[in-house]
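Novice: Have a look at this one before I ask anything.
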Amino acid sequence: MNQLNHLVNRLDNRPVRHLIRRLVGPVIGGLVLACALVAIAFAAGPDVVQGPGADADCFKPWGKDTTFFQWKKKKGPYRIALANGFIGNTWRIQMIKTAKAYAEQPAVKAKLKEFKVISTGEDLPAQIAAANNLIDAGYDAVIVNALNPTAFAPVAKKAKAAGVVLLSFDNVIESRDNIVVNVDQVELGRLAARWLLKEVKPDGKPDGKLLEVRGPSGNSVDRDRHDGFREVLNKSGRKFEVVEVVGKWDDGTAQKATADAIAIHKKLVGIYVQGGSTGTVHALIDSKHPMIPISGETENGFRKLCAEHAAQGLHCSSAGTGPAQVAVTIKAAIAALEGEKLPQSISLPASYVEYPNIKEGSDFYPKLSDNFFVGNSFPACKIGFSAEEIMGKSEGNQ
């Protein structure tokens, strides 16, 4: 347009110059506008389409009213990035290692030009900045395990405008502008409460004290599991005193928090621990507190201790979702980039076992580390790993 003005200005005949501008200017302007609109349309987010979606056994919609998305097919191989926040426990470490192991599997690696991993710790602004930077850097898909469920709404809108596929899992982004992959975290809290109500039987006396060992504050998983747990207790009619401590889903932190609670409150009748379950049991043993029912996560060490001490009264339920949900999310990202239809909200199954059915060789493995999370496979997605495949990777950024 600037070059056209320069040529027109060189004409000696002023009326001719004026006529050319009147005739040509709107045409050029229209072409520029049309090109801009095409670019915006191409870069915009997905179309909302009718289901069912691709690989329905793996990418199960959350409910009958779940929206389905479809992005325009993009030629691979793809640049995909994982923007993780909290890395201070064994679940997150195993999750990062699982993501790297999945990206290295030959069928997946063939579809990836680059797989990048960033962990920013508990610094929320840093995680938001990392996600925005990945969008600006032109990654085809960005995956987030969010420190805060609502703070990433602007990031989701930015990704949509840029045509970047945004997905979140575990601690998800509460925005309809991203694909969410998760287990029903509220139901996990309800499940723990129902089981404890069954195990801690009323005896005509006050119901006593339950210990709730929570995760890092601000995370949606901690909030949702807590809400589900309290919902069932509140509706039960039982009069427990619930003592809350923060274990950050970490064995060492949970062990200290549990030990301190026992020192202060002396007698507990049951425990719900969201994560760091092995540490919580060690605190019970070290304090010589009588064995009581505990509902915990899926750590191998926790399940080993539950089996070992069941005869002494350590009755356990163990529920959660394995770190391999990150692999399901990577699989969903690739499917979206390939133009497949996907549910906006994907529901994953939980791993669950309870006393007296915690069995060696299927529910826990004596030769594996206490820190290893079992139930770390999703057969419906054809996703599974050996312990060696995962533990051979690092949890560092790449």
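To be explicit about the labels: the chains of the structure tokens are called A, B, and onward in the order shown, and within each one the residues are counted from 1, while ligands get numbers from 1 in the order they are shown.
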Counting only C-alpha atoms, which residues of region 202-237 of chain A sit at most 12 Å from some atom of region 86-106 of chain A, and what is each one's closest atom pair with its distance in Å to one decimal, listed by chain and rising residue number, as a Markdown table?
Specialist:
| residue | atom | partner | partner_atom | distance |
| --- | --- | --- | --- | --- |
| A:Gly215 | CA | A:Asn89 | CA | 10.4 |
| A:Pro216 | CA | A:Phe86 | CA | 8.8 |
| A:Ser217 | CA | A:Phe86 | CA | 11.2 |
| A:Gly218 | CA | A:Phe86 | CA | 11.3 |
| A:Asn219 | CA | A:Phe86 | CA | 9.6 |
Novice: I need the residues of region 50-201 of chain A that end up classed as strand (DSSP E) by DSSP on the backbone, written out as a PyMOL selection string.
Specialist: chain A and resi 68-70+78-84+112-119+141-145+165-169+179-182
Novice: Have a look at CA of Ala380 (chain A) and CA of Ala332 (chain A) and let me know their distance in Å, one decimal.
Specialist: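 Calculated distance between CA of Ala380 (chain A) and CA of Ala332 (chain A) is 13.2 Å.
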Novice: I'd like the contact shell of Arg190 (chain A) - 8 Å cut-off, only C-alpha atoms, skipping same-chain residues fewer than 6 positions apart - returned as a ChimeraX atom specification.
Specialist: /A:225,228-232
Novice: Rounded to one decimal place, report the CA of Leu314 (chain A)-CA of Asp170 (chain A) distance in Å.
Specialist: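 Those two atoms sit 28.7 Å apart.
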Novice: Return the single residue from A:Glu360, A:Glu122, A:Glu340, A:Asp47 that is closest to Phe59 (chain A), with distances computed using only C-alpha atoms.
Specialist: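 Closest candidate: A:Glu340.
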Novice: Need the shell around Leu342 (chain A): protein/DNA/RNA residues with any atom at most 8 Å away, counting only C-alpha atoms. Skip same-chain ones fewer than 6 positions apart. Format as a PDB file with N, CA and C atoms, in the first residue's frame?
Specialist:
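Below you can see result20.pdb, which holds the result:
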ATOM      1  N   GLY A  51     -20.205 -34.796  18.920  1.00  0.00           N
ATOM      2  CA  GLY A  51     -19.505 -36.046  19.181  1.00  0.00           C
ATOM      3  C   GLY A  51     -20.152 -37.179  18.415  1.00  0.00           C
ATOM      4  N   GLY A  53     -16.217 -38.421  19.765  1.00  0.00           N
ATOM      5  CA  GLY A  53     -14.879 -38.031  19.385  1.00  0.00           C
ATOM      6  C   GLY A  53     -14.006 -39.220  19.047  1.00  0.00           C
ATOM      7  N   ALA A  54     -12.749 -38.920  18.756  1.00  0.00           N
ATOM      8  CA  ALA A  54     -11.768 -39.956  18.422  1.00  0.00           C
ATOM      9  C   ALA A  54     -11.426 -40.791  19.659  1.00  0.00           C
ATOM     10  N   PHE A  59     -10.442 -41.257  25.390  1.00  0.00           N
ATOM     11  CA  PHE A  59     -10.876 -39.882  25.636  1.00  0.00           C
ATOM     12  C   PHE A  59     -12.369 -39.864  25.968  1.00  0.00           C
ATOM     13  N   PHE A  68     -17.631 -30.908  22.426  1.00  0.00           N
ATOM     14  CA  PHE A  68     -16.542 -31.498  21.655  1.00  0.00           C
ATOM     15  C   PHE A  68     -15.864 -30.415  20.822  1.00  0.00           C
ATOM     16  N   PHE A  69     -14.516 -30.472  20.778  1.00  0.00           N
ATOM     17  CA  PHE A  69     -13.708 -29.525  20.024  1.00  0.00           C
ATOM     18  C   PHE A  69     -13.045 -30.210  18.834  1.00  0.00           C
ATOM     19  N   GLN A  70     -12.768 -29.411  17.811  1.00  0.00           N
ATOM     20  CA  GLN A  70     -11.971 -29.900  16.677  1.00  0.00           C
ATOM     21  C   GLN A  70     -11.159 -28.739  16.113  1.00  0.00           C
ATOM     22  N   ALA A 332      -3.675 -36.720  23.892  1.00  0.00           N
ATOM     23  CA  ALA A 332      -4.795 -35.867  23.488  1.00  0.00           C
ATOM     24  C   ALA A 332      -4.303 -34.662  22.690  1.00  0.00           C
ATOM     25  N   ALA A 335      -3.588 -35.798  19.190  1.00  0.00           N
ATOM     26  CA  ALA A 335      -4.849 -36.054  18.485  1.00  0.00           C
ATOM     27  C   ALA A 335      -5.508 -34.749  18.045  1.00  0.00           C
ATOM     28  N   ALA A 336      -5.490 -33.736  18.919  1.00  0.00           N
ATOM     29  CA  ALA A 336      -6.075 -32.435  18.569  1.00  0.00           C
ATOM     30  C   ALA A 336      -5.343 -31.810  17.395  1.00  0.00           C
TER      31      ALA A 336
END
Novice: Excluding same-chain residues fewer than 3 positions from Phe373 (chain A), what lies within 12 Å of it counting only C-alpha atoms, as number ranges by chain?
Specialist: A: 89-95, 98, 275-278, 296-304, 318-324, 351, 363-365, 368-370, 376-377, 385-387, 390-391
Novice: So that I have them on file, write out the residues from the current selection with C-alpha atoms, as a tab-separated table (two decimals), in the first residue's frame.
Specialist:
chain	number	residue	atom	x	y	z
A	89	ASN	CA	6.80	-34.38	45.93
A	90	THR	CA	7.32	-37.82	44.47
A	91	TRP	CA	4.07	-37.79	42.43
A	92	ARG	CA	5.20	-34.73	40.48
A	93	ILE	CA	8.70	-36.14	40.03
A	94	GLN	CA	7.28	-39.41	38.69
A	95	MET	CA	4.89	-37.43	36.48
A	98	THR	CA	6.61	-40.41	32.88
A	275	GLY	CA	-0.66	-37.60	49.54
A	276	GLY	CA	2.46	-38.35	51.55
A	277	SER	CA	0.61	-41.39	52.85
A	278	THR	CA	3.76	-43.42	53.57
A	296	GLY	CA	-4.51	-42.51	51.48
A	297	GLU	CA	-3.08	-42.18	48.00
A	298	THR	CA	-1.54	-44.85	45.76
A	299	GLU	CA	2.08	-44.85	46.92
A	300	ASN	CA	3.73	-48.24	46.79
A	301	GLY	CA	5.23	-47.74	50.26
A	302	PHE	CA	1.84	-46.90	51.77
A	303	ARG	CA	0.25	-50.04	50.39
A	304	LYS	CA	3.20	-52.14	51.59
A	318	SER	CA	-5.87	-46.34	48.68
A	319	ALA	CA	-7.21	-44.19	45.86
A	320	GLY	CA	-5.84	-41.78	43.31
A	321	THR	CA	-4.80	-41.43	39.73
A	322	GLY	CA	-1.36	-42.32	38.48
A	323	PRO	CA	1.14	-39.77	37.18
A	324	ALA	CA	0.65	-41.37	33.74
A	351	SER	CA	-7.01	-46.53	40.89
A	363	ASP	CA	-1.55	-53.60	44.26
A	364	PHE	CA	1.99	-53.16	45.62
A	365	TYR	CA	5.46	-54.43	44.75
A	368	LEU	CA	9.90	-51.21	43.95
A	369	SER	CA	10.64	-47.94	45.73
A	370	ASP	CA	8.24	-46.74	48.40
A	376	ASN	CA	0.27	-45.85	36.72
A	377	SER	CA	-1.27	-47.14	33.51
A	385	PHE	CA	5.20	-48.17	31.63
A	386	SER	CA	7.71	-50.33	33.41
A	387	ALA	CA	9.28	-48.87	36.55
A	390	ILE	CA	10.19	-44.20	34.16
A	391	MET	CA	12.93	-44.12	36.76
Novice: Just want the 10 Å neighbourhood of Asp222 (chain A), counted on only C-alpha atoms, with same-chain residues fewer than 4 positions away dropped. Output as an MDAnalysis selection string.
Specialist: chainID A and resid 171 185:186 189 213:218 226:227 246 248:249 274:275
Novice: Would you mind listing what lies within 6 Å of Ile294 (chain A) as a ChimeraX atom specification, with only C-alpha atoms counted and same-chain residues fewer than 3 positions away left out?
Specialist: /A:270-272,316
Novice: For Gly63 (chain A), which residue out of A:Pro343, A:Glu114, A:Leu233, A:Gly392 is the nearest one, using only C-alpha atoms?
Specialist: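 So, comparing all the options, the nearest one is A:Pro343.
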